[in-house]
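Source file: structure-v8.txt; contents: compact mmCIF, C-alpha atoms.
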# COMPACT_ATOMS: atom_id res chain seq x y z
CA MET R 1 0.00 0.00 0.00
CA ARG R 2 2.82 2.34 0.90
CA ASN R 3 4.57 1.64 -2.41
CA SER R 4 1.38 2.46 -4.33
CA ILE R 5 1.07 5.81 -2.54
CA ILE R 6 4.71 6.67 -3.34
CA LEU R 7 4.27 5.81 -7.03
CA PHE R 8 1.09 7.90 -7.21
CA ALA R 9 2.89 10.89 -5.65
CA VAL R 10 5.79 10.64 -8.07
CA ALA R 11 3.34 10.55 -10.98
CA LEU R 12 1.59 13.71 -9.72
CA VAL R 13 4.91 15.56 -9.48
CA ALA R 14 6.19 14.37 -12.89
CA ALA R 15 2.94 15.13 -14.75
CA PRO R 16 3.22 18.94 -14.57
CA LEU R 17 6.89 18.73 -15.44
CA CYS R 18 6.12 16.73 -18.58
CA ALA R 19 3.29 19.07 -19.49
CA GLN R 20 5.54 22.05 -18.97
CA ARG R 21 8.28 20.50 -21.11
CA HIS R 22 5.94 19.92 -24.08
CA SER R 23 3.90 23.12 -23.84
CA GLY R 24 4.34 26.01 -26.23
CA SER R 25 5.85 26.04 -29.75
CA PRO R 26 8.37 23.41 -30.81
CA PRO R 27 12.01 24.53 -30.82
CA THR R 28 12.96 26.50 -33.97
CA ALA R 29 15.34 24.74 -36.33
CA PRO R 30 18.57 26.65 -37.08
CA ARG R 31 18.36 28.74 -40.21
CA PRO R 32 20.39 27.42 -43.15
CA ALA R 33 23.36 29.49 -44.22
CA PRO R 34 22.50 31.84 -47.11
CA VAL R 35 23.48 30.58 -50.54
CA LEU R 36 25.96 33.04 -51.98
CA PRO R 37 25.86 33.68 -55.74
CA VAL R 38 28.64 32.21 -57.83
CA VAL R 39 30.87 35.00 -59.10
CA ALA R 40 33.17 34.77 -62.10
CA ALA R 41 36.88 34.81 -61.33
CA SER R 42 37.17 37.80 -63.65
CA SER R 43 34.93 40.00 -65.79
CA GLY R 44 35.07 43.33 -67.57
CA MET R 45 36.07 44.83 -70.91
CA GLY R 46 38.76 47.24 -69.78
CA ALA R 47 39.67 49.68 -72.57
CA ILE R 48 37.40 48.01 -75.16
CA GLN R 49 34.43 50.19 -76.13
CA PHE R 50 31.28 48.50 -77.48
CA ALA R 51 28.18 50.00 -79.10
CA ALA R 52 25.29 47.93 -80.49
CA VAL R 53 23.50 49.66 -83.39
CA ASN R 54 21.38 48.86 -86.42
CA TYR R 55 22.24 51.03 -89.44
CA GLY R 56 22.15 50.41 -93.15
CA VAL R 57 25.63 50.79 -94.71
CA PRO R 58 27.35 50.22 -98.06
CA ALA R 59 28.83 46.80 -98.80
CA PRO R 60 32.11 46.05 -96.97
CA GLN R 61 34.18 46.10 -100.16
CA SER R 62 32.72 49.49 -101.08
CA LEU R 63 33.53 50.85 -97.62
CA THR R 64 37.17 49.81 -97.92
CA ARG R 65 37.46 51.71 -101.23
CA GLN R 66 35.69 54.78 -99.81
CA LEU R 67 37.99 54.83 -96.78
CA ARG R 68 41.00 55.14 -99.11
CA THR R 69 39.57 57.72 -101.50
CA ASP R 70 41.10 61.17 -101.88
CA ASP R 71 37.67 62.80 -101.60
CA GLU R 72 37.31 63.96 -98.00
CA ARG R 73 33.49 63.98 -97.96
CA THR R 74 33.31 60.39 -99.24
CA ARG R 75 35.94 59.31 -96.73
CA ALA R 76 34.09 61.04 -93.88
CA ALA R 77 30.85 59.29 -94.86
CA ALA R 78 32.61 55.92 -94.81
CA LEU R 79 34.14 56.67 -91.40
CA SER R 80 30.71 57.60 -90.09
CA ALA R 81 29.22 54.42 -91.57
CA ILE R 82 31.57 52.19 -89.56
CA GLY R 83 31.13 54.21 -86.35
CA ALA R 84 34.49 56.00 -86.10
CA PRO R 85 34.79 58.55 -83.25
CA GLY R 86 33.48 62.01 -84.03
CA GLN R 87 36.92 63.63 -83.99
CA TYR R 88 37.68 61.97 -87.34
CA LEU R 89 34.52 63.27 -89.00
CA GLN R 90 35.32 66.97 -88.75
CA HIS R 91 36.34 68.87 -91.87
CA GLY R 92 40.10 68.82 -92.25
CA HIS R 93 40.56 65.91 -89.80
CA THR R 94 39.41 62.93 -91.90
CA GLY R 95 42.83 61.44 -92.50
CA LEU R 96 43.43 58.20 -94.35
CA PRO R 97 43.46 55.02 -92.25
CA HIS R 98 46.95 53.65 -91.68
CA SER R 99 45.71 50.11 -92.32
CA ILE R 100 42.49 48.29 -93.16
CA GLN R 101 41.62 44.70 -92.32
CA LEU R 102 38.52 43.00 -93.78
CA GLU R 103 37.52 39.45 -92.87
CA PHE R 104 34.41 37.42 -93.65
CA ALA R 105 33.23 34.70 -91.25
CA ALA R 106 30.01 33.14 -90.02
CA LEU R 107 29.61 34.71 -86.58
CA GLY R 108 25.97 33.60 -86.32
CA PRO R 109 23.86 30.57 -87.20
CA GLU R 110 23.03 31.75 -90.73
CA ASP R 111 24.90 30.34 -93.72
CA GLU R 112 25.81 33.79 -95.04
CA LEU R 113 29.18 35.24 -94.08
CA ASP R 114 29.35 38.31 -91.86
CA ALA R 115 32.00 41.02 -92.24
CA ILE R 116 34.52 42.26 -89.68
CA LEU R 117 35.97 45.57 -90.94
CA THR R 118 38.80 47.06 -88.87
CA ILE R 119 40.74 50.26 -89.50
CA GLU R 120 43.72 51.83 -87.76
CA LEU R 121 43.48 55.60 -87.28
CA ASP R 122 45.83 58.11 -85.68
CA HIS R 123 44.57 57.49 -82.15
CA HIS R 124 42.06 54.63 -82.39
CA ILE R 125 41.51 51.16 -83.76
CA VAL R 126 37.89 50.71 -84.85
CA THR R 127 36.02 47.52 -85.83
CA ALA R 128 32.59 47.45 -87.47
CA ILE R 129 30.51 44.26 -87.40
CA LEU R 130 28.44 44.06 -90.60
CA ILE R 131 25.75 41.54 -91.58
CA PRO R 132 24.11 40.93 -94.96
CA ASP R 133 20.46 41.95 -95.23
CA GLY R 134 19.18 40.67 -98.55
CA ASP R 135 21.03 42.66 -101.18
CA ASN R 136 22.11 45.23 -98.58
CA TRP R 137 24.31 45.39 -95.49
CA ARG R 138 23.75 46.58 -91.94
CA ARG R 139 26.15 47.58 -89.20
CA ILE R 140 25.06 45.99 -85.94
CA ALA R 141 27.99 46.94 -83.71
CA THR R 142 31.18 48.94 -83.44
CA LEU R 143 34.06 48.14 -81.08
CA SER R 144 37.04 50.42 -80.58
CA VAL R 145 40.05 51.13 -78.42
CA ALA R 146 41.94 54.38 -77.92
CA ASP R 147 45.47 53.56 -79.06
CA PRO R 148 48.02 55.79 -80.81
CA PHE R 149 49.45 54.71 -84.13
CA ALA R 150 52.90 55.30 -82.57
CA ASP R 151 52.34 52.19 -80.42
CA ILE R 152 54.14 49.61 -82.54
CA ALA R 153 52.79 46.71 -80.43
CA THR R 154 49.24 47.13 -81.74
CA THR R 155 47.67 46.56 -85.14
CA PRO R 156 44.15 45.63 -86.30
CA SER R 157 45.11 41.95 -85.97
CA THR R 158 46.18 42.38 -82.33
CA PHE R 159 42.87 44.09 -81.57
CA VAL R 160 40.59 41.51 -83.20
CA HIS R 161 40.91 38.05 -84.71
CA THR R 162 38.54 35.17 -85.33
CA SER R 163 38.51 31.70 -83.82
CA ARG R 164 36.10 28.79 -83.92
CA SER R 165 33.03 29.17 -81.74
CA LEU R 166 33.02 27.29 -78.45
CA LEU R 167 29.34 26.48 -79.02
CA GLU R 168 29.28 25.40 -82.69
CA ARG R 169 32.26 23.83 -84.41
CA ASP R 170 31.31 25.18 -87.86
CA ARG R 171 30.83 28.78 -86.69
CA TYR R 172 33.18 31.53 -85.51
CA ARG R 173 33.61 34.14 -82.81
CA ALA R 174 35.42 37.47 -82.94
CA ILE R 175 37.91 37.86 -80.10
CA PHE R 176 38.98 41.36 -79.04
CA HIS R 177 42.00 42.26 -76.90
CA ALA R 178 43.08 45.63 -75.50
CA GLU R 179 45.72 46.64 -72.96
CA THR R 180 46.11 49.44 -70.46
CA VAL R 181 49.65 50.25 -69.33
CA ASP R 182 50.67 52.40 -66.35
CA ALA R 183 53.71 54.65 -65.99
CA HIS R 184 55.80 51.78 -64.58
CA GLY R 185 55.12 49.40 -67.45
CA ASN R 186 52.60 47.28 -65.56
CA TYR R 187 49.78 46.22 -67.87
CA THR R 188 46.33 44.68 -67.85
CA GLN R 189 44.83 43.10 -70.96
CA ASN R 190 41.11 42.44 -71.35
CA GLU R 191 39.33 40.07 -73.72
CA ALA R 192 35.80 40.26 -75.10
CA ASP R 193 34.25 37.53 -77.30
CA LEU R 194 31.52 38.45 -79.80
CA ARG R 195 28.97 36.35 -81.64
CA ILE R 196 25.84 37.17 -83.61
CA ILE R 197 22.61 35.82 -82.07
CA ASN R 198 19.20 36.69 -83.53
CA LYS R 199 20.97 39.13 -85.88
CA GLN R 200 22.33 41.06 -82.90
CA ALA R 201 25.95 41.43 -81.83
CA VAL R 202 26.32 39.79 -78.43
CA LEU R 203 29.35 39.83 -76.13
CA THR R 204 29.25 36.30 -74.74
CA THR R 205 32.09 36.80 -72.25
CA SER R 206 34.72 39.30 -71.11
CA PHE R 207 37.53 39.09 -68.56
CA VAL R 208 41.11 40.07 -67.75
CA SER R 209 43.13 37.81 -70.05
CA ALA R 210 46.65 38.88 -69.07
CA SER R 211 48.44 41.12 -66.60
CA ARG R 212 51.85 41.93 -65.25
CA ASP R 213 52.37 43.72 -61.92
CA CYS R 214 55.94 44.51 -60.88
CA THR R 215 57.49 45.70 -57.63
CA LEU R 216 60.79 47.52 -58.09
CA PRO R 217 63.78 47.07 -55.76
CA PRO R 218 64.68 49.94 -53.41
CA PRO R 219 67.35 52.48 -54.36
CA ALA R 220 70.98 51.60 -53.69
CA GLY R 221 71.88 51.69 -50.01
CA LYS R 222 68.36 50.89 -48.84
CA GLN R 223 67.23 47.64 -47.28
CA ALA R 224 66.59 44.89 -49.83
CA ASN R 225 62.97 44.29 -50.82
CA PRO R 226 62.23 40.55 -50.94
CA THR R 227 59.04 41.20 -52.93
CA ALA R 228 60.87 42.79 -55.86
CA GLY R 229 59.82 41.11 -59.09
CA CYS R 230 56.75 40.66 -61.27
CA ASN R 231 53.54 38.71 -60.85
CA VAL R 232 52.23 37.50 -64.22
CA LEU R 233 48.80 36.18 -65.16
CA ARG R 234 47.17 34.55 -68.18
CA ARG R 235 43.49 33.64 -68.45
CA TRP R 236 41.40 31.95 -71.14
CA LEU R 237 38.02 30.28 -71.65
CA GLN R 238 38.11 26.78 -73.09
CA ALA R 239 35.82 23.82 -73.63
CA ASP R 240 35.78 21.17 -70.92
CA PRO R 241 37.21 18.02 -72.58
CA ALA R 242 34.66 15.93 -70.67
CA ALA R 243 31.72 17.63 -72.43
CA PRO R 244 32.75 19.94 -75.30
CA TYR R 245 30.10 22.43 -76.54
CA ARG R 246 28.17 22.04 -73.25
CA GLN R 247 30.62 22.66 -70.40
CA PHE R 248 33.48 25.15 -70.29
CA MET R 249 36.31 26.25 -68.02
CA LEU R 250 37.80 29.65 -67.28
CA VAL R 251 41.45 28.87 -66.65
CA THR R 252 43.58 31.29 -64.61
CA ALA R 253 47.34 30.72 -64.68
CA THR R 254 49.72 32.69 -62.46
CA GLY R 255 53.48 32.86 -61.98
CA ARG R 256 56.30 35.11 -60.92
CA LEU R 257 59.49 36.58 -62.37
CA SER R 258 62.38 37.75 -60.25
CA TYR R 259 63.49 41.32 -60.75
CA LYS R 260 66.60 40.08 -62.55
CA GLU R 261 64.49 37.98 -64.92
CA ALA R 262 62.00 40.79 -65.54
CA THR R 263 64.75 43.25 -66.48
CA SER R 264 66.71 40.85 -68.69
CA SER R 265 66.92 41.29 -72.45
CA ILE R 266 63.93 38.98 -72.94
CA GLY R 267 62.06 40.08 -69.83
CA ASN R 268 59.28 41.79 -71.82
CA ALA R 269 58.59 38.86 -74.13
CA GLU R 270 55.11 37.33 -73.73
CA ASP R 271 56.45 33.81 -74.20
CA PHE R 272 58.99 34.44 -71.43
CA ASP R 273 56.17 35.47 -69.08
CA ALA R 274 54.18 32.38 -70.07
CA SER R 275 57.14 30.09 -69.31
CA HIS R 276 56.94 31.16 -65.65
CA LEU R 277 53.30 30.19 -65.10
CA ARG R 278 53.14 27.64 -62.30
CA ASN R 279 49.68 27.69 -60.68
CA PHE R 280 46.45 26.89 -62.53
CA ALA R 281 42.88 27.39 -61.31
CA CYS R 282 39.75 26.30 -63.20
CA GLN R 283 36.22 27.64 -62.89
CA PRO R 284 33.35 25.75 -64.57
CA PHE R 285 31.05 27.74 -66.89
CA ALA R 286 27.94 27.05 -68.95
CA PHE R 287 26.30 29.10 -71.69
CA SER R 288 22.98 30.63 -70.67
CA ASP R 289 20.34 31.01 -73.38
CA ALA R 290 18.53 33.49 -71.11
CA THR R 291 21.44 35.93 -70.73
CA MET R 292 23.24 34.91 -73.96
CA HIS R 293 26.39 34.87 -71.86
CA PHE R 294 28.79 32.33 -70.38
CA GLU R 295 27.90 32.08 -66.68
CA PRO R 296 29.92 30.48 -63.84
CA THR R 297 28.40 27.38 -62.26
CA ALA R 298 30.84 26.93 -59.37
CA ALA R 299 33.70 28.71 -57.65
CA SER R 300 37.22 28.69 -59.04
CA ALA R 301 39.46 25.94 -57.65
CA PRO R 302 42.80 24.31 -58.51
CA CYS R 303 42.53 22.53 -61.83
CA PRO R 304 42.12 18.77 -61.39
CA ALA R 305 45.21 16.73 -62.11
CA LYS R 306 44.72 13.44 -63.93

For this file, write the structure as structure tokens.
Amino acid sequence: MRNSIILFAVALVAAPLCAQRHSGSPPTAPRPAPVLPVVAASSGMGAIQFAAVNYGVPAPQSLTRQLRTDDERTRAAALSAIGAPGQYLQHGHTGLPHSIQLEFAALGPEDELDAILTIELDHHIVTAILIPDGDNWRRIATLSVADPFADIATTPSTFVHTSRSLLERDRYRAIFHAETVDAHGNYTQNEADLRIINKQAVLTTSFVSASRDCTLPPPAGKQANPTAGCNVLRRWLQADPAAPYRQFMLVTATGRLSYKEATSSIGNAEDFDASHLRNFACQPFAFSDATMHFEPTAASAPCPAK
């Protein structure tokens, strides 16, 4: 009897405790960490200027002849047709181009060839993207870079060239490069890739494709600077061998030159810089039909070794 009373008392004491434990709202689960957007390892066009337009123009071959004519009004009209900066359209300032480059390639899905017309002026390199429109032609974009003719490292072919499209093996893309150089000789080069989609000029990707950043040694008599030398970088977008035309990789390669190497007789050679690349990072990309742009799908990480 005594044991029954004790058990009953324990039950009375425990009942409110159990009720109190289970009363109210259930404990809140911890909030999941926010999903951060995937950001490209690099983006931007640097010194490359881009303007999408839609103007009727003469045929590319006619434009090349008009750009070389002695008649200033005809030459000015041709410069205007390709989208040259306004400073070259003023009376008395429409000089002859120093060089003209004309290339035909299929930048879009159509079977007709598009035209890439590039001219080198006193202070600019200008490229017009032209597409056939029946028996006529239209300019759909102009790309340019401010660059003096005195710069012997640049020509129309260093500004733009064609390569096979990463998306279609029988089509092409126009690849543009432009550099900015500071007073110490450090440079940054940007790349922009162009294709024609739905008869519009589309920049499918842009990024810093090369750079060189140097730290000079201290003057004589000062303490040595262990960081003296140059950091070099190369970057390119390529197809992923595991799934070409569907998956892509933005490869970033980095390396370093000692100050002695950087100031040697071959220290400014691009191939010499490339021979010092040691570290490689890969970032997966996919082409988005919604944005018409290559978009990153994951963060950049060391390239897998096989």

From the list R:Ile119, R:Leu167, R:Arg173, R:Ile140, which residue is nearest Thr155 in chain R when using all atoms listed in the file?
R:Ile119

Show which residues sit within 7 Å of Glu191 in chain R, as a list in words. Count all atoms listed in the file, and ignore same-chain residues fewer than 3 positions away.
Met45, Ile175, Phe176, His177, Ala178, Ser206, Phe207, Val208 and Ser209 of chain R

Next, the residues of the selection above should be written as a compact mmCIF listing (two decimals), in the coordinates of the input with C-alpha atoms.
# COMPACT_ATOMS: atom_id res chain seq x y z
CA MET R 45 36.07 44.83 -70.91
CA ILE R 175 37.91 37.86 -80.10
CA PHE R 176 38.98 41.36 -79.04
CA HIS R 177 42.00 42.26 -76.90
CA ALA R 178 43.08 45.63 -75.50
CA SER R 206 34.72 39.30 -71.11
CA PHE R 207 37.53 39.09 -68.56
CA VAL R 208 41.11 40.07 -67.75
CA SER R 209 43.13 37.81 -70.05

Between CA of Ile131 in chain R and CA of Leu113 in chain R, distance in Å (one decimal):
7.6 Å

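Considering all atoms listed in the file, the residue among R:Val57, R:Ile152, R:Leu233, R:Met249 positioned nearest to Tyr187 in chain R is R:Leu233.
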
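For the atom pair formed by CA of Arg195 in chain R and CA of Val232 in chain R, the distance is 29.1 Å, given to one decimal.
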
Find the residues near range 251-254 of chain R: any atom within 10 Å, counting all atoms listed in the file, skip ones fewer than 2 places away on the same chain, and give them as a PyMOL selection string.
chain R and resi 41-42+208-212+231-238+248-249+256+273-274+276-284+300-303

Can you work out which one of R:Asn186, R:Gln87, R:Gln247, R:Thr158 has the shortest atom-to-atom distance to Asn268 in chain R, counting only C-alpha atoms?
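Among the listed residues, R:Asn186 lies closest to Asn268 in chain R.
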
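CA of Cys230 in chain R to CA of Ala192 in chain R spans 25.1 Å [interatomic distance, one decimal].
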
Out of R:Asp193, R:Glu112, R:Glu270, R:Glu295, which residue has the shortest atom-to-atom distance to Leu166 in chain R when counting all atoms listed in the file?
R:Asp193
